[in-house]
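> Got a file for you: coords_15.pdb, PDB, C-alpha atoms, pLDDT in the B column.
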ATOM      1  CA  LEU T   1     104.553 103.793   4.135  1.00 80.00           C
ATOM      2  CA  ALA T   2     104.716 100.004   4.077  1.00 86.00           C
ATOM      3  CA  LEU T   3     101.459  99.869   2.123  1.00 88.00           C
ATOM      4  CA  GLU T   4     102.666 102.530  -0.311  1.00 85.00           C
ATOM      5  CA  HIS T   5     105.799 100.505  -1.051  1.00 81.00           C
ATOM      6  CA  ASP T   6     103.820  97.239  -1.353  1.00 87.00           C
ATOM      7  CA  LEU T   7     105.741  95.597   1.486  1.00 90.00           C
ATOM      8  CA  GLU T   8     104.659  92.430   3.256  1.00 93.00           C
ATOM      9  CA  ILE T   9     103.154  93.233   6.684  1.00 95.00           C
ATOM     10  CA  ILE T  10     102.962  90.715   9.530  1.00 96.00           C
ATOM     11  CA  PRO T  11     100.242  91.909  11.946  1.00 96.00           C
ATOM     12  CA  ILE T  12     100.886  90.978  15.597  1.00 96.00           C
ATOM     13  CA  LEU T  13      98.744  91.514  18.685  1.00 95.00           C
ATOM     14  CA  ASN T  14     101.231  91.960  21.522  1.00 94.00           C
ATOM     15  CA  LYS T  15     100.621  91.917  25.311  1.00 93.00           C
ATOM     16  CA  MET T  16      97.917  89.261  25.049  1.00 94.00           C
ATOM     17  CA  ASP T  17      98.663  88.259  28.647  1.00 93.00           C
ATOM     18  CA  LEU T  18      97.127  91.485  30.016  1.00 93.00           C
ATOM     19  CA  PRO T  19      93.611  91.355  31.484  1.00 91.00           C
ATOM     20  CA  GLY T  20      92.616  94.410  29.463  1.00 90.00           C
ATOM     21  CA  ALA T  21      93.548  92.907  26.106  1.00 91.00           C
ATOM     22  CA  GLN T  22      90.795  93.281  23.478  1.00 92.00           C
ATOM     23  CA  PRO T  23      91.880  90.892  20.694  1.00 92.00           C
ATOM     24  CA  GLU T  24      88.622  90.880  18.715  1.00 94.00           C
ATOM     25  CA  GLU T  25      88.267  94.661  18.699  1.00 94.00           C
ATOM     26  CA  VAL T  26      91.917  95.340  17.861  1.00 94.00           C
ATOM     27  CA  THR T  27      91.974  92.630  15.183  1.00 95.00           C
ATOM     28  CA  ASP T  28      89.048  94.367  13.487  1.00 95.00           C
ATOM     29  CA  GLN T  29      90.997  97.640  13.602  1.00 95.00           C
ATOM     30  CA  ILE T  30      94.059  96.013  12.018  1.00 95.00           C
ATOM     31  CA  VAL T  31      91.957  94.417   9.270  1.00 95.00           C
ATOM     32  CA  GLU T  32      90.364  97.792   8.542  1.00 94.00           C
ATOM     33  CA  LEU T  33      93.775  99.501   8.490  1.00 92.00           C
ATOM     34  CA  ILE T  34      95.780  97.166   6.246  1.00 92.00           C
ATOM     35  CA  GLY T  35      93.127  94.935   4.683  1.00 91.00           C
ATOM     36  CA  CYS T  36      94.592  91.623   5.857  1.00 92.00           C
ATOM     37  CA  ASP T  37      92.780  88.389   6.688  1.00 94.00           C
ATOM     38  CA  PRO T  38      91.828  88.153  10.390  1.00 94.00           C
ATOM     39  CA  ASN T  39      93.463  84.714  10.504  1.00 94.00           C
ATOM     40  CA  ASP T  40      96.827  86.321   9.602  1.00 94.00           C
ATOM     41  CA  VAL T  41      96.914  88.332  12.851  1.00 96.00           C
ATOM     42  CA  ILE T  42      99.243  86.610  15.329  1.00 97.00           C
ATOM     43  CA  PRO T  43      98.434  86.842  19.066  1.00 96.00           C
ATOM     44  CA  ALA T  44     101.635  87.235  21.070  1.00 96.00           C
ATOM     45  CA  SER T  45     103.114  88.009  24.467  1.00 95.00           C
ATOM     46  CA  GLY T  46     106.729  88.763  25.203  1.00 91.00           C
ATOM     47  CA  LYS T  47     106.089  87.946  28.853  1.00 92.00           C
ATOM     48  CA  THR T  48     104.689  84.434  28.396  1.00 95.00           C
ATOM     49  CA  GLY T  49     106.289  83.600  25.042  1.00 94.00           C
ATOM     50  CA  LEU T  50     102.936  83.188  23.330  1.00 95.00           C
ATOM     51  CA  GLY T  51     103.210  83.454  19.549  1.00 96.00           C
ATOM     52  CA  VAL T  52     107.011  83.753  19.331  1.00 96.00           C
ATOM     53  CA  ASP T  53     107.356  80.583  17.235  1.00 96.00           C
ATOM     54  CA  ALA T  54     104.497  81.689  14.980  1.00 96.00           C
ATOM     55  CA  ILE T  55     106.122  85.095  14.438  1.00 97.00           C
ATOM     56  CA  LEU T  56     109.459  83.567  13.431  1.00 96.00           C
ATOM     57  CA  GLU T  57     107.715  81.126  11.077  1.00 96.00           C
ATOM     58  CA  ALA T  58     105.713  83.995   9.567  1.00 96.00           C
ATOM     59  CA  VAL T  59     108.906  85.955   8.872  1.00 95.00           C
ATOM     60  CA  ILE T  60     110.321  82.948   7.005  1.00 94.00           C
ATOM     61  CA  ASP T  61     107.107  82.078   5.153  1.00 94.00           C
ATOM     62  CA  ARG T  62     105.688  85.522   4.325  1.00 94.00           C
ATOM     63  CA  ILE T  63     108.694  87.781   3.757  1.00 93.00           C
ATOM     64  CA  PRO T  64     110.018  87.276   0.210  1.00 90.00           C
ATOM     65  CA  SER T  65     113.689  86.444  -0.230  1.00 87.00           C
ATOM     66  CA  PRO T  66     115.837  89.342  -1.488  1.00 87.00           C
ATOM     67  CA  GLU T  67     116.477  89.495  -5.212  1.00 86.00           C
ATOM     68  CA  GLY T  68     119.280  91.129  -7.158  1.00 91.00           C
ATOM     69  CA  ASP T  69     121.697  90.871 -10.058  1.00 93.00           C
ATOM     70  CA  GLU T  70     125.305  90.346  -8.975  1.00 93.00           C
ATOM     71  CA  SER T  71     126.571  91.207 -12.468  1.00 93.00           C
ATOM     72  CA  ALA T  72     124.857  94.629 -12.466  1.00 94.00           C
ATOM     73  CA  PRO T  73     126.571  97.864 -11.306  1.00 95.00           C
ATOM     74  CA  LEU T  74     126.765  98.204  -7.521  1.00 96.00           C
ATOM     75  CA  GLN T  75     123.591  99.576  -5.986  1.00 96.00           C
ATOM     76  CA  ALA T  76     123.352  99.501  -2.170  1.00 96.00           C
ATOM     77  CA  MET T  77     121.176 101.510   0.218  1.00 94.00           C
ATOM     78  CA  ILE T  78     122.269 102.790   3.625  1.00 93.00           C
ATOM     79  CA  PHE T  79     119.667 102.092   6.312  1.00 89.00           C
ATOM     80  CA  ASP T  80     121.560 102.972   9.497  1.00 86.00           C
ATOM     81  CA  SER T  81     124.958 104.025  10.840  1.00 87.00           C
ATOM     82  CA  VAL T  82     126.856 104.031  14.128  1.00 85.00           C
ATOM     83  CA  PHE T  83     129.944 105.834  15.391  1.00 83.00           C
ATOM     84  CA  ASN T  84     133.081 104.018  16.477  1.00 84.00           C
ATOM     85  CA  SER T  85     135.644 106.191  18.259  1.00 79.00           C
ATOM     86  CA  PHE T  86     138.531 104.234  16.696  1.00 86.00           C
ATOM     87  CA  ARG T  87     137.250 103.522  13.186  1.00 88.00           C
ATOM     88  CA  GLY T  88     134.886 106.396  12.472  1.00 88.00           C
ATOM     89  CA  ILE T  89     131.361 105.977  11.146  1.00 89.00           C
ATOM     90  CA  ILE T  90     130.207 102.461  10.284  1.00 93.00           C
ATOM     91  CA  ALA T  91     127.405 102.491   7.705  1.00 93.00           C
ATOM     92  CA  TYR T  92     124.935  99.602   7.455  1.00 95.00           C
ATOM     93  CA  PHE T  93     123.546  98.857   3.999  1.00 95.00           C
ATOM     94  CA  ARG T  94     121.602  96.412   1.879  1.00 95.00           C
ATOM     95  CA  VAL T  95     122.997  95.451  -1.520  1.00 96.00           C
ATOM     96  CA  ARG T  96     120.226  95.548  -4.111  1.00 94.00           C
ATOM     97  CA  ASN T  97     122.396  94.836  -7.165  1.00 96.00           C
ATOM     98  CA  GLY T  98     126.055  94.164  -7.828  1.00 96.00           C
ATOM     99  CA  VAL T  99     128.894  93.365  -5.434  1.00 96.00           C
ATOM    100  CA  ILE T 100     130.844  95.612  -3.068  1.00 97.00           C
ATOM    101  CA  LYS T 101     134.449  94.515  -2.545  1.00 96.00           C
ATOM    102  CA  LYS T 102     136.991  95.285   0.136  1.00 96.00           C
ATOM    103  CA  GLY T 103     139.448  97.969  -1.004  1.00 95.00           C
ATOM    104  CA  GLU T 104     137.448  99.297  -3.946  1.00 95.00           C
ATOM    105  CA  LYS T 105     136.572 102.945  -4.498  1.00 96.00           C
ATOM    106  CA  ILE T 106     132.926 103.707  -3.785  1.00 96.00           C
ATOM    107  CA  LYS T 107     130.691 106.771  -3.960  1.00 95.00           C
ATOM    108  CA  PHE T 108     127.652 107.969  -2.007  1.00 94.00           C
ATOM    109  CA  LEU T 109     125.405 109.296  -4.759  1.00 92.00           C
ATOM    110  CA  ASN T 110     123.243 111.752  -2.814  1.00 85.00           C
ATOM    111  CA  THR T 111     126.139 113.454  -1.031  1.00 86.00           C
ATOM    112  CA  GLY T 112     128.585 113.073  -3.915  1.00 89.00           C
ATOM    113  CA  LYS T 113     131.370 111.926  -1.579  1.00 90.00           C
ATOM    114  CA  SER T 114     133.869 109.227  -2.578  1.00 94.00           C
ATOM    115  CA  TYR T 115     135.682 106.845  -0.243  1.00 94.00           C
ATOM    116  CA  ASN T 116     137.807 103.727  -0.091  1.00 95.00           C
ATOM    117  CA  ALA T 117     136.044 100.623   1.241  1.00 96.00           C
ATOM    118  CA  GLU T 118     138.637  99.817   3.904  1.00 95.00           C
ATOM    119  CA  GLU T 119     136.512  96.991   5.321  1.00 96.00           C
ATOM    120  CA  VAL T 120     133.215  95.402   4.323  1.00 97.00           C
ATOM    121  CA  GLY T 121     131.344  92.526   5.873  1.00 97.00           C
ATOM    122  CA  ILE T 122     128.032  91.074   6.974  1.00 96.00           C
ATOM    123  CA  LEU T 123     126.019  91.553  10.154  1.00 91.00           C
ATOM    124  CA  LYS T 124     125.687  88.708  12.636  1.00 89.00           C
ATOM    125  CA  MET T 125     125.901  88.969  16.412  1.00 86.00           C
ATOM    126  CA  ASP T 126     129.065  90.919  15.633  1.00 89.00           C
ATOM    127  CA  LEU T 127     130.583  92.444  12.508  1.00 94.00           C
ATOM    128  CA  GLN T 128     131.921  89.656  10.263  1.00 96.00           C
ATOM    129  CA  PRO T 129     134.511  90.934   7.723  1.00 96.00           C
ATOM    130  CA  ARG T 130     134.277  89.579   4.167  1.00 96.00           C
ATOM    131  CA  ASP T 131     136.189  90.154   0.948  1.00 97.00           C
ATOM    132  CA  GLU T 132     132.896  91.046  -0.754  1.00 96.00           C
ATOM    133  CA  VAL T 133     129.213  91.524  -0.010  1.00 96.00           C
ATOM    134  CA  LYS T 134     126.804  90.475  -2.771  1.00 95.00           C
ATOM    135  CA  ALA T 135     123.303  91.350  -3.983  1.00 95.00           C
ATOM    136  CA  GLY T 136     120.666  90.397  -1.415  1.00 93.00           C
ATOM    137  CA  ASP T 137     123.074  90.649   1.520  1.00 94.00           C
ATOM    138  CA  VAL T 138     122.917  93.079   4.428  1.00 94.00           C
ATOM    139  CA  GLY T 139     126.320  94.337   5.502  1.00 96.00           C
ATOM    140  CA  TYR T 140     128.490  97.159   6.758  1.00 97.00           C
ATOM    141  CA  ILE T 141     131.247  99.374   5.409  1.00 97.00           C
ATOM    142  CA  ILE T 142     134.095 101.145   7.199  1.00 96.00           C
ATOM    143  CA  SER T 143     135.760 103.864   5.149  1.00 93.00           C
ATOM    144  CA  GLY T 144     137.239 106.297   7.672  1.00 88.00           C
ATOM    145  CA  ILE T 145     134.333 108.746   7.594  1.00 89.00           C
ATOM    146  CA  LYS T 146     134.438 111.151  10.544  1.00 82.00           C
ATOM    147  CA  LYS T 147     131.578 113.560   9.792  1.00 79.00           C
ATOM    148  CA  ALA T 148     128.029 112.370  10.468  1.00 74.00           C
ATOM    149  CA  ALA T 149     126.581 114.669   7.794  1.00 74.00           C
ATOM    150  CA  GLU T 150     128.361 112.648   5.096  1.00 83.00           C
ATOM    151  CA  VAL T 151     126.312 109.522   5.855  1.00 85.00           C
ATOM    152  CA  LYS T 152     122.592 109.834   5.190  1.00 83.00           C
ATOM    153  CA  VAL T 153     120.050 107.096   5.725  1.00 82.00           C
ATOM    154  CA  GLY T 154     118.544 106.214   2.329  1.00 86.00           C
ATOM    155  CA  ASP T 155     121.646 107.193   0.345  1.00 90.00           C
ATOM    156  CA  THR T 156     122.834 104.954  -2.488  1.00 94.00           C
ATOM    157  CA  ILE T 157     126.339 103.456  -2.524  1.00 96.00           C
ATOM    158  CA  THR T 158     127.865 102.635  -5.902  1.00 96.00           C
ATOM    159  CA  SER T 159     131.264 101.845  -7.420  1.00 95.00           C
ATOM    160  CA  LEU T 160     133.445 104.564  -8.932  1.00 93.00           C
ATOM    161  CA  GLU T 161     134.776 102.139 -11.546  1.00 91.00           C
ATOM    162  CA  ASN T 162     131.352 100.882 -12.698  1.00 92.00           C
ATOM    163  CA  PRO T 163     128.722 103.250 -11.261  1.00 93.00           C
ATOM    164  CA  THR T 164     124.976 102.769 -11.416  1.00 92.00           C
ATOM    165  CA  GLU T 165     122.927 105.411 -13.169  1.00 85.00           C
ATOM    166  CA  GLU T 166     119.887 104.861 -10.958  1.00 87.00           C
ATOM    167  CA  ILE T 167     119.582 106.109  -7.402  1.00 88.00           C
ATOM    168  CA  ILE T 168     117.522 103.812  -5.195  1.00 86.00           C
ATOM    169  CA  LYS T 169     114.122 105.416  -4.753  1.00 79.00           C
ATOM    170  CA  GLY T 170     113.002 106.477  -1.322  1.00 67.00           C
ATOM    171  CA  PHE T 171     115.733 108.958  -0.363  1.00 65.00           C
ATOM    172  CA  GLU T 172     114.359 112.309   0.756  1.00 66.00           C
ATOM    173  CA  ASP T 173     116.023 115.162   2.597  1.00 66.00           C
ATOM    174  CA  VAL T 174     113.945 115.781   5.706  1.00 70.00           C
ATOM    175  CA  LYS T 175     112.086 119.049   6.172  1.00 81.00           C
ATOM    176  CA  PRO T 176     112.047 120.258   9.791  1.00 88.00           C
ATOM    177  CA  MET T 177     108.756 121.666  11.042  1.00 90.00           C
ATOM    178  CA  VAL T 178     109.775 122.880  14.505  1.00 92.00           C
ATOM    179  CA  PHE T 179     112.838 125.026  15.249  1.00 94.00           C
ATOM    180  CA  ALA T 180     114.379 125.764  18.638  1.00 93.00           C
ATOM    181  CA  GLY T 181     117.720 126.703  20.150  1.00 94.00           C
ATOM    182  CA  ILE T 182     119.618 124.218  22.310  1.00 95.00           C
ATOM    183  CA  TYR T 183     122.338 125.600  24.591  1.00 95.00           C
ATOM    184  CA  PRO T 184     124.554 123.935  27.195  1.00 94.00           C
ATOM    185  CA  VAL T 185     123.940 125.077  30.766  1.00 92.00           C
ATOM    186  CA  ASP T 186     127.714 125.277  31.171  1.00 90.00           C
ATOM    187  CA  THR T 187     129.177 127.255  28.257  1.00 87.00           C
ATOM    188  CA  ASP T 188     132.383 125.183  28.498  1.00 90.00           C
ATOM    189  CA  ASP T 189     130.345 122.181  27.292  1.00 93.00           C
ATOM    190  CA  TYR T 190     129.708 123.684  23.840  1.00 93.00           C
ATOM    191  CA  GLU T 191     132.108 121.373  21.970  1.00 93.00           C
ATOM    192  CA  GLU T 192     130.814 118.376  23.924  1.00 93.00           C
ATOM    193  CA  LEU T 193     127.269 119.333  22.905  1.00 94.00           C
ATOM    194  CA  ARG T 194     128.332 119.550  19.251  1.00 92.00           C
ATOM    195  CA  TYR T 195     129.889 116.084  19.508  1.00 90.00           C
ATOM    196  CA  SER T 196     126.710 114.706  21.108  1.00 91.00           C
ATOM    197  CA  MET T 197     124.473 116.231  18.439  1.00 91.00           C
ATOM    198  CA  GLU T 198     126.620 114.749  15.675  1.00 87.00           C
ATOM    199  CA  LYS T 199     126.361 111.287  17.222  1.00 85.00           C
ATOM    200  CA  LEU T 200     122.562 111.598  17.512  1.00 88.00           C
ATOM    201  CA  GLN T 201     122.401 112.624  13.861  1.00 83.00           C
ATOM    202  CA  LEU T 202     124.061 109.350  12.833  1.00 76.00           C
ATOM    203  CA  ASN T 203     120.881 107.293  13.255  1.00 72.00           C
ATOM    204  CA  ASP T 204     118.423 110.188  13.181  1.00 80.00           C
ATOM    205  CA  SER T 205     118.897 112.008   9.890  1.00 73.00           C
ATOM    206  CA  SER T 206     115.761 114.059  10.583  1.00 81.00           C
ATOM    207  CA  LEU T 207     117.714 116.082  13.162  1.00 88.00           C
ATOM    208  CA  VAL T 208     119.371 119.168  11.635  1.00 89.00           C
ATOM    209  CA  PHE T 209     121.353 121.843  13.451  1.00 93.00           C
ATOM    210  CA  GLU T 210     123.708 124.758  12.901  1.00 93.00           C
ATOM    211  CA  PRO T 211     125.707 126.958  15.313  1.00 94.00           C
ATOM    212  CA  GLU T 212     124.136 130.107  16.733  1.00 93.00           C
ATOM    213  CA  SER T 213     124.858 132.423  19.645  1.00 91.00           C
ATOM    214  CA  SER T 214     122.781 134.335  22.152  1.00 89.00           C
ATOM    215  CA  ALA T 215     123.755 137.334  24.268  1.00 88.00           C
ATOM    216  CA  ALA T 216     122.067 135.681  27.249  1.00 88.00           C
ATOM    217  CA  LEU T 217     122.892 131.998  26.699  1.00 91.00           C
ATOM    218  CA  GLY T 218     126.211 132.065  24.845  1.00 92.00           C
ATOM    219  CA  PHE T 219     127.046 129.574  22.109  1.00 94.00           C
ATOM    220  CA  GLY T 220     124.572 126.878  21.124  1.00 94.00           C
ATOM    221  CA  PHE T 221     122.751 125.430  18.147  1.00 95.00           C
ATOM    222  CA  ARG T 222     119.694 126.276  16.105  1.00 94.00           C
ATOM    223  CA  CYS T 223     117.969 122.907  15.667  1.00 94.00           C
ATOM    224  CA  GLY T 224     115.224 121.673  13.372  1.00 93.00           C
ATOM    225  CA  PHE T 225     112.872 118.878  14.441  1.00 92.00           C
ATOM    226  CA  LEU T 226     110.019 116.961  12.836  1.00 90.00           C
ATOM    227  CA  GLY T 227     107.714 118.056  15.651  1.00 90.00           C
ATOM    228  CA  MET T 228     107.425 118.737  19.366  1.00 91.00           C
ATOM    229  CA  LEU T 229     107.654 115.045  20.266  1.00 91.00           C
ATOM    230  CA  HIS T 230     110.848 114.694  18.219  1.00 92.00           C
ATOM    231  CA  MET T 231     112.325 117.687  20.062  1.00 93.00           C
ATOM    232  CA  GLU T 232     111.469 116.151  23.450  1.00 92.00           C
ATOM    233  CA  ILE T 233     113.047 112.836  22.413  1.00 93.00           C
ATOM    234  CA  ILE T 234     116.294 114.573  21.417  1.00 93.00           C
ATOM    235  CA  GLN T 235     116.403 116.442  24.728  1.00 92.00           C
ATOM    236  CA  GLU T 236     115.843 113.213  26.639  1.00 92.00           C
ATOM    237  CA  ARG T 237     118.572 111.398  24.673  1.00 92.00           C
ATOM    238  CA  LEU T 238     121.070 114.209  25.284  1.00 93.00           C
ATOM    239  CA  GLU T 239     120.477 113.928  29.014  1.00 91.00           C
ATOM    240  CA  ARG T 240     120.340 110.120  29.202  1.00 91.00           C
ATOM    241  CA  GLU T 241     123.020 109.060  26.716  1.00 90.00           C
ATOM    242  CA  PHE T 242     125.502 111.933  26.986  1.00 91.00           C
ATOM    243  CA  ASN T 243     124.812 113.412  30.445  1.00 91.00           C
ATOM    244  CA  MET T 244     124.252 116.820  28.852  1.00 90.00           C
ATOM    245  CA  THR T 245     122.171 119.400  30.718  1.00 90.00           C
ATOM    246  CA  VAL T 246     120.750 121.809  28.138  1.00 92.00           C
ATOM    247  CA  ILE T 247     118.465 124.813  27.832  1.00 91.00           C
ATOM    248  CA  THR T 248     115.907 124.811  25.022  1.00 92.00           C
ATOM    249  CA  THR T 249     114.516 128.100  23.742  1.00 91.00           C
ATOM    250  CA  VAL T 250     110.857 128.519  22.797  1.00 83.00           C
ATOM    251  CA  PRO T 251     110.361 126.634  19.491  1.00 81.00           C
ATOM    252  CA  ASN T 252     108.965 128.135  16.309  1.00 79.00           C
ATOM    253  CA  VAL T 253     106.669 126.048  14.117  1.00 73.00           C
ATOM    254  CA  SER T 254     107.363 126.254  10.376  1.00 66.00           C
TER
END
Show me, as structure tokens, the structure contained in the file I just sent.

Amino acid sequence: LALEHDLEIIPILNKMDLPGAQPEEVTDQIVELIGCDPNDVIPASGKTGLGVDAILEAVIDRIPSPEGDESAPLQAMIFDSVFNSFRGIIAYFRVRNGVIKKGEKIKFLNTGKSYNAEEVGILKMDLQPRDEVKAGDVGYIISGIKKAAEVKVGDTITSLENPTEEIIKGFEDVKPMVFAGIYPVDTDDYEELRYSMEKLQLNDSSLVFEPESSAALGFGFRCGFLGMLHMEIIQERLEREFNMTVITTVPNVS
């Protein structure tokens, strides 16, 4: 995908401290895969600190600075979102063109939903509120959204007053390939399971689900996954992050 979108790639050989490391062989594989110069491959180790300085310098030197027109209509792309129990869903975005201002009316183009930008700001070690976030910046928006389905990764944010006519390319609704039922072991945990699934969907838009019921298992959800591995990851996250014990029915492959 990075090659298709003509993005700059920084190749790194990690775990160089291990006895079984094969730098020459793996470097050849990377060169064959992305067509880079062998001298561009950075040997690194998180354990010893090897290559950390070189990686940071490469990010500065090789990654082009963001470009954009602040006078153009607002055009920002959502790349992630998180849930805050007090403030609702916080969407993270990158402003490609224009300026997003605190208090203005904005619209998510792919969902067609409109909101008020209650708070906007930039991302540092913590959220840093600002009166406006300009082209080239990465920031966040809080607008009182409560439903995860209303925030989709890849969606375009624009202004209601001066909207853009162009949706940022790259947004695609995911197409599940594996379907299975997920039910709580304890039927009283149905609403808790729904809440957990909605939170997982915030930063995993490829997860889709809808309510269903079974005479044997009670109320649960019919879920769509990208594949078997994706299904196993969701199960593991439900157990680890939300302490949910679930039953998964035999999946069907689309």
> Apply the PyMOL selection byres ((chain T and resi 91) around 9) to the displayed file and report the matching residues as a PyMOL selection string.
chain T and resi 78-83+89-90+92-93+139-143+151+153
> Could those residues be written to a file, using C-alpha atoms, as a PDB file, keeping the file's coordinate frame?

ATOM      1  CA  ILE T  78     122.269 102.790   3.625  1.00 93.00           C
ATOM      2  CA  PHE T  79     119.667 102.092   6.312  1.00 89.00           C
ATOM      3  CA  ASP T  80     121.560 102.972   9.497  1.00 86.00           C
ATOM      4  CA  SER T  81     124.958 104.025  10.840  1.00 87.00           C
ATOM      5  CA  VAL T  82     126.856 104.031  14.128  1.00 85.00           C
ATOM      6  CA  PHE T  83     129.944 105.834  15.391  1.00 83.00           C
ATOM      7  CA  ILE T  89     131.361 105.977  11.146  1.00 89.00           C
ATOM      8  CA  ILE T  90     130.207 102.461  10.284  1.00 93.00           C
ATOM      9  CA  TYR T  92     124.935  99.602   7.455  1.00 95.00           C
ATOM     10  CA  PHE T  93     123.546  98.857   3.999  1.00 95.00           C
ATOM     11  CA  GLY T 139     126.320  94.337   5.502  1.00 96.00           C
ATOM     12  CA  TYR T 140     128.490  97.159   6.758  1.00 97.00           C
ATOM     13  CA  ILE T 141     131.247  99.374   5.409  1.00 97.00           C
ATOM     14  CA  ILE T 142     134.095 101.145   7.199  1.00 96.00           C
ATOM     15  CA  SER T 143     135.760 103.864   5.149  1.00 93.00           C
ATOM     16  CA  VAL T 151     126.312 109.522   5.855  1.00 85.00           C
ATOM     17  CA  VAL T 153     120.050 107.096   5.725  1.00 82.00           C
TER      18      VAL T 153
END
> Using all atoms listed in the file, give me every residue within 8 Å of (117.8, 101.0, 0.6) in file coordinates, as a list of chain:residue names.
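Final list of nearby residues, as requested, is T:Ala76, T:Met77, T:Ile78, T:Phe79, T:Phe93, T:Arg94, T:Val95, T:Arg96, T:Gly154, T:Asp155, T:Thr156, T:Ile168, T:Lys169, T:Gly170.
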> Residues at most 9 Å from Ala149 of chain T, counting only C-alpha atoms, excluding those fewer than 5 positions away in the same chain, as a ChimeraX atom specification?
/T:111,198,201-202,205
> Report as a list in words the residues that result from applying the PyMOL selection byres ((chain T and resi 15-22) around 9) to the structure here.
Leu13, Asn14, Pro23, Glu24, Glu25, Val26, Thr27, Pro43, Ala44, Ser45, Gly46, Lys47, Thr48 and Leu50 of chain T
> Using C-alpha atoms, can you export the residues from the last selection as a short mmCIF file (atom, residue, chain, number, x, y, z; two decimals), in the coordinates of the input?

data_model
loop_
_atom_site.label_atom_id
_atom_site.label_comp_id
_atom_site.auth_asym_id
_atom_site.auth_seq_id
_atom_site.Cartn_x
_atom_site.Cartn_y
_atom_site.Cartn_z
CA LEU T 13 98.74 91.51 18.68
CA ASN T 14 101.23 91.96 21.52
CA PRO T 23 91.88 90.89 20.69
CA GLU T 24 88.62 90.88 18.72
CA GLU T 25 88.27 94.66 18.70
CA VAL T 26 91.92 95.34 17.86
CA THR T 27 91.97 92.63 15.18
CA PRO T 43 98.43 86.84 19.07
CA ALA T 44 101.64 87.24 21.07
CA SER T 45 103.11 88.01 24.47
CA GLY T 46 106.73 88.76 25.20
CA LYS T 47 106.09 87.95 28.85
CA THR T 48 104.69 84.43 28.40
CA LEU T 50 102.94 83.19 23.33
#
> Name the residues that the PyMOL selection byres ((chain T and resi 238-252) around 9) pulls out of this structure, and write them as a PyMOL selection string.
chain T and resi 177-186+189+192-193+196-197+200+217+228+233-237+253-254
> What's around segment 98-106 of chain T at 10 Å? Count all atoms listed in the file, leave out sequence neighbours fewer than 3 positions away in its own chain, and write the answer as a short mmCIF file (atom, residue, chain, number, x, y, z; two decimals) with C-alpha atoms, in the frame of the given file.

data_model
loop_
_atom_site.label_atom_id
_atom_site.label_comp_id
_atom_site.auth_asym_id
_atom_site.auth_seq_id
_atom_site.Cartn_x
_atom_site.Cartn_y
_atom_site.Cartn_z
CA GLY T 68 119.28 91.13 -7.16
CA ASP T 69 121.70 90.87 -10.06
CA GLU T 70 125.30 90.35 -8.98
CA SER T 71 126.57 91.21 -12.47
CA ALA T 72 124.86 94.63 -12.47
CA PRO T 73 126.57 97.86 -11.31
CA LEU T 74 126.76 98.20 -7.52
CA GLN T 75 123.59 99.58 -5.99
CA ALA T 76 123.35 99.50 -2.17
CA VAL T 95 123.00 95.45 -1.52
CA LEU T 109 125.40 109.30 -4.76
CA LYS T 113 131.37 111.93 -1.58
CA SER T 114 133.87 109.23 -2.58
CA TYR T 115 135.68 106.84 -0.24
CA ASN T 116 137.81 103.73 -0.09
CA ALA T 117 136.04 100.62 1.24
CA GLU T 118 138.64 99.82 3.90
CA GLU T 119 136.51 96.99 5.32
CA VAL T 120 133.22 95.40 4.32
CA GLY T 121 131.34 92.53 5.87
CA PRO T 129 134.51 90.93 7.72
CA ARG T 130 134.28 89.58 4.17
CA ASP T 131 136.19 90.15 0.95
CA GLU T 132 132.90 91.05 -0.75
CA VAL T 133 129.21 91.52 -0.01
CA LYS T 134 126.80 90.48 -2.77
CA ALA T 135 123.30 91.35 -3.98
CA GLY T 136 120.67 90.40 -1.42
CA ASP T 137 123.07 90.65 1.52
CA GLY T 139 126.32 94.34 5.50
CA ILE T 141 131.25 99.37 5.41
CA ILE T 142 134.10 101.14 7.20
CA SER T 143 135.76 103.86 5.15
CA ILE T 157 126.34 103.46 -2.52
CA THR T 158 127.86 102.64 -5.90
CA SER T 159 131.26 101.84 -7.42
CA LEU T 160 133.44 104.56 -8.93
CA GLU T 161 134.78 102.14 -11.55
CA ASN T 162 131.35 100.88 -12.70
CA PRO T 163 128.72 103.25 -11.26
CA THR T 164 124.98 102.77 -11.42
#
> Kindly give the distance, in Å, that separates atom CA of Ile122 of chain T and atom CA of Glu8 of chain T, rounded to a single decimal.
23.7 Å
> What is the atom CA of Ile42 of chain T to atom CA of Ile55 of chain T distance in Å?
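Between atom CA of Ile42 of chain T and atom CA of Ile55 of chain T the gap is 7.1 Å.
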> Record the distance separating atom CA of Leu7 of chain T and atom CA of Gln29 of chain T, expressed in Å with one decimal.
19.2 Å
> List every protein, DNA or RNA residue with an atom no more than 12 Å from (96.4, 97.3, 9.9) in the file's coordinates, counting all atoms listed in the file, and format the result as a ChimeraX atom specification.
/T:1-3,8-13,26-38,40-41
> Rank nothing, just name the residue among T:Gly227, T:Gly220, T:Pro176, T:Pro66 nearest to Arg194 of chain T, using all atoms listed in the file.
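Ranked by minimum distance to Arg194 of chain T, first place goes to T:Gly220.
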